[in-house]
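Have a look at the structure below before the remarks.
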Amino acid sequence: MINEPSVDALVRKLGTEEEPVSRYELCVVVSKRTRQIIEQMQAQGVSELPNKQKELVLACREVMSGKIVGARD
């Protein structure tokens, strides 16, 4: 379970005041980024991230830092 950053904080960060995102949209964005991280690790031959960090946590931290934004169709 991810405690930090919280789901509510991630939802606020990913959306805007005018167009908030749903938890479903957050899940889709984070899961896509997690898959990208795993694929990159496999291509580079890396078996785990530094400090035994999980790919999902890294993706969530990237959302919180503003590196990942949701694209609206």
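Following the order of the structure tokens, chains are lettered A, B, ..., residues in each are numbered from 1, and ligands are numbered from 1.
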Exercise. Extract, using only C-alpha atoms, all DNA, RNA and protein residues at most 12 Å from Asp8 in chain A, discarding same-chain residues fewer than 3 positions from it, and format them as an NGL selection string.
Key: :A and (2-5 or 11-15 or 20-23 or 26 or 60 or 64)
Practice problem: Among the residues of chain A, find those DSSP assigns to alpha helix (DSSP H) from the backbone and print them as a PyMOL selection string. | Solution: chain A and resi 7-14+23-44+55-65
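Candidate residues A:Gly70, A:Glu19, A:Leu58, A:Leu10 were compared for distance to Gln36 in chain A, and the nearest is A:Leu58, using only C-alpha atoms.
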Self-check item: For Ile37 in chain A, the nearest of the candidates A:Val69, A:Glu55, A:Ala9, A:Arg61, counting only C-alpha atoms
Solution: A:Glu55
Exercise. Name the residues in contact with range 27-31 of chain A at a cut-off of 8 Å, using only C-alpha atoms, excluding same-chain residues fewer than 2 positions from it; report them as a PyMOL selection string.
Key: chain A and resi 23-25+33-35+56+59-60+63+70
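Note that the spacing between CA of Ile68 in chain A and CA of Val7 in chain A amounts to 15.0 Å.
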